[in-house]
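Chemist: Got a structure here, written out as structure tokens. Questions coming.
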Amino acid sequence: MSTASSQAPSPGSPPATATSPLKAVTRFRLFWPAVVLAVLLVANLGFTPGFFAVHVQGGHLYGSLIDILHFGAPLILVSLGMTLVIATGGIDLSVGSTVAISGALACLQISRSADPGSLGTVLTAVGIALGSALVLGVVNGVLVAKVGVQPIIATLILMVAGRGVAQLITDGQIITVTSDPYKLIGGGYWLTMPFAILLSALVVLAAVLLTRLTALGLLLESVGGNPVASRLVGIRAMRLVALVYVFSALCAALAGLMVSSNVSAADGNNAGLWIELDAILAVVLGGTSLNGGRFSIGGTVLGALIIQTLSTTVYTIGIPPETTLVFKAFVVIAVCLIQSPAFRAKLAGRGARARRTAAARPHAVAPINREVGK
Amino acid sequence: MNANALLTRLRGQIPLLVTAALLVSMFSIGSVQYDGFFSGQVVLNLLIDNAFLLVVAVGMTFVVLTGGIDLSVGAVVALSTMVSAWLVERHGWPPLLVIPLVLLMGTAGGWVMGWVIHVFEIQPFIVTLAGMFLARGLCYTISIDSISITDPQYTAMAQTRIPLGSLFVSPSAVIALLVVAVGFVVLHYTRLGRNVYALGGSEQSALLMGLPVQRTKTTVYAISGFCSALGGVLLTFYMLSGYGLHAVGLELDAIAAVVIGGTLLTGGSGYLLGTLLGVLVLGLIQTVISFQGTLSSWWTRIVIGALLFVFIVLQRLITARRR
């Protein structure tokens, strides 16, 4: 185990060929997502001159950048959970439904209580929402890890049924609530910052610490890189895999609370619609391969911010927001082609033959395979 | 030995038998429970109302049999309705030109996706997801609002009723059944069909056997694209409008129909007629819920989800035992 952990932090780094400093920078994992985000932000400056201005008004921070962080907070959370799921080689399509269900449950609980403004009511509502998400996550986890259903199909079930359940909870209506403590989660401010930003930052930080300071991240990567080899070295893959689906559902539930709290209403039909696709896109943009193995939480956060900035840009330029989908399509295709070893091999085909075979080898799996080969 | 072989053969049919039993029991319970349920027209209405889903599900069956998945079908259906409505209404093109054009467009789109999936070795799921984004987005670049169709040829197709004794069907239902028949023949009696099963069984083995893996894969996605476009044309007849929000979630219904029809999601095993049964089951759920009257429409989604759950677990049990 100790040899594996000493090797794991540098699975993708090229063998001593990156000599020039420029190359070293461009090879850095977060380089390209960061460049895309920077370009998008600077492009916005062309349309709105005061884009980068952040000013304080009534003790609260205001500005386009804050808005992007604020409205992007739910997506960051959902993408965070999705990152860990994808790291194990899975996928979670049910997050959108989980967002809708958790928002619906919380709003129903608050709207039914005698005192919607009290902290106790809100905490109960949050507890119910997170608790039910726990159950949904366990269902997904058991289906994938124990029953052995393909992740995309297992979570498809909940994606289909979950929307129906959310509508059942809200009775097809939009439940509106007026509760100050609940409003804080998604729409309130704390220490001059929107509370949603702080909350998602906290969760992201916790996830980073948990995966990078403990062996958890390494174990996840090894399960995603090569499940069979992981089992052979004694990793309990089943429990780990089930765990990431629970984590993903919890993140989605938190995002659902944010979304419904921000608008003080629960809409079983539209809350979190398509968020699973945005989250997958954010993860892929951040450089985590859909094949499992290596993952980058920092990259995912950047990816989520890119998507949110893209949406904001489209709104400010005045293009119909629905056409964002076309841009997203091209982004998905471009990123997937860049990630595809076959595509890289074809590009490198003009160069040396040795370089081609090196590029064709999937980085994430290689070191783990080597480990087993010994 | 012989009995054993028969038993394993039967085991593969379990999902199909369960679906057939489900269909019969649902229909009998509905007939006992509700007045006017037990009639030939209710059955024919299942076909009329789900003609486009049936066509799309046929295409999806081909893709799933190779072990792939096509998430773009709903969006391609929407794009087909949009392009048809736009060309016919806004530009005055004749429908007889527009329909082949739309079909060609869907086929080409599917072919490109299949090509990308094979050549660049990207997961089908993500490629067709991009296709879905693109097709939905293109709908909105044409128009954000719904475009209604008043063209006489389209309205004629929408209103024509083909009498069958005292009952009737729509031309769309007949087209859908034709597609099922053609699909059945292609899948079970041609070389392409055999290649599809071989590819789903094991791509590696298919390649080693010298089967045309790339051609089969691109053809399968092209078929799915064609079926989606045709489904879009049928939906245009049914709705008489083009809209970017048509057929949202149709890909899930199509996958559900294929799974309930007994096709293994890992590929290599399944029947096209099972998909027909799957579509009928989905349609019957909706019919029962509308006959009940007190149940809301979202129960449809919950029941479909529950059915998916049962059938997927059933599939796992069967494949686990086989190994």
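Scheme for the structure tokens: letters A, B, ... for chains in order shown; per-chain residue numbers from 1; ligand numbers from 1 in order shown.
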What residues in chain B have any atom no more than 6 Å from chain A when counting only C-alpha atoms, and can you write them as number ranges by chain?
Modeler: B: 120, 130, 133-134, 137, 140, 298, 301-302, 305
Chemist: Based on the selection just made, write C-alpha atoms of those residues as an mmCIF file, in the first residue's frame.
Modeler:
data_model
loop_
_atom_site.group_PDB
_atom_site.id
_atom_site.type_symbol
_atom_site.label_atom_id
_atom_site.label_comp_id
_atom_site.auth_asym_id
_atom_site.auth_seq_id
_atom_site.Cartn_x
_atom_site.Cartn_y
_atom_site.Cartn_z
ATOM 1 C CA PHE B 120 -12.187 8.102 -31.189
ATOM 2 C CA ALA B 130 -23.444 16.045 -26.939
ATOM 3 C CA PHE B 133 -27.433 19.183 -26.482
ATOM 4 C CA LEU B 134 -26.754 20.096 -30.094
ATOM 5 C CA GLY B 137 -30.023 23.832 -29.016
ATOM 6 C CA TYR B 140 -34.100 26.999 -30.300
ATOM 7 C CA TRP B 298 -46.866 11.806 -12.375
ATOM 8 C CA ARG B 301 -43.299 8.164 -14.144
ATOM 9 C CA ILE B 302 -43.253 6.450 -10.762
ATOM 10 C CA GLY B 305 -39.473 3.727 -12.680
#
Chemist: Show which residues sit within 9 Å of stretch 26-39 of chain B, as an mmCIF file with C-alpha atoms, in the first residue's frame. Count only C-alpha atoms, and ignore same-chain residues fewer than 6 positions away.
Modeler:
data_model
loop_
_atom_site.group_PDB
_atom_site.id
_atom_site.type_symbol
_atom_site.label_atom_id
_atom_site.label_comp_id
_atom_site.auth_asym_id
_atom_site.auth_seq_id
_atom_site.Cartn_x
_atom_site.Cartn_y
_atom_site.Cartn_z
ATOM 1 C CA VAL B 281 -46.897 -1.795 -21.533
ATOM 2 C CA LEU B 284 -51.185 0.740 -21.154
ATOM 3 C CA ILE B 285 -49.878 2.320 -17.921
ATOM 4 C CA VAL B 288 -55.030 2.803 -17.030
ATOM 5 C CA PHE B 291 -59.171 5.653 -17.069
ATOM 6 C CA GLN B 292 -58.728 5.741 -13.282
#
Chemist: With 10 Å as the cut-off and only C-alpha atoms counted, what is the closest atom pair between each nearby residue of stretch 113-173 of chain B and stretch 245-260 of chain B? Distances in Å to one decimal, ordered by chain and number, as a Markdown table.
Modeler:
| residue | atom | partner | partner_atom | distance |
| --- | --- | --- | --- | --- |
| B:Met132 | CA | B:Glu251 | CA | 9.8 |
| B:Arg136 | CA | B:Leu245 | CA | 8.1 |
| B:Cys139 | CA | B:Leu245 | CA | 8.7 |
| B:Tyr140 | CA | B:Leu245 | CA | 9.3 |
| B:Ile144 | CA | B:Leu245 | CA | 9.3 |
| B:Asp145 | CA | B:Leu245 | CA | 9.3 |
| B:Ser146 | CA | B:Leu245 | CA | 8.5 |
Chemist: Excluding stretch 101-109 of chain B and residues on its chain fewer than 2 positions from it, collect all residues at most 8 Å away from it, counting only C-alpha atoms, and give them as JSON, numbers by chain.
Modeler: {"B": [76, 80, 83, 84, 97, 98, 99, 111, 112, 113, 222, 223, 224, 225, 226, 227, 228, 229, 230, 233]}
Chemist: Do a neighbour search on stretch 190-200 of chain B at 7 Å with only C-alpha atoms, toss out local chain neighbours closer than 6 positions, and write the hits as a count of residues only.
Modeler: 10
Chemist: Write out as number ranges by chain the set of residues from stretch 89-260 of chain A that DSSP, computed on the backbone, places in strand (DSSP E or B).
Modeler: A: 174-176, 189-190, 193-194
Chemist: Interatomic distance between atom CA of B:Ile175 and atom CA of B:Phe311?
Modeler: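 Computing it gives 28.6 Å between the two atoms.
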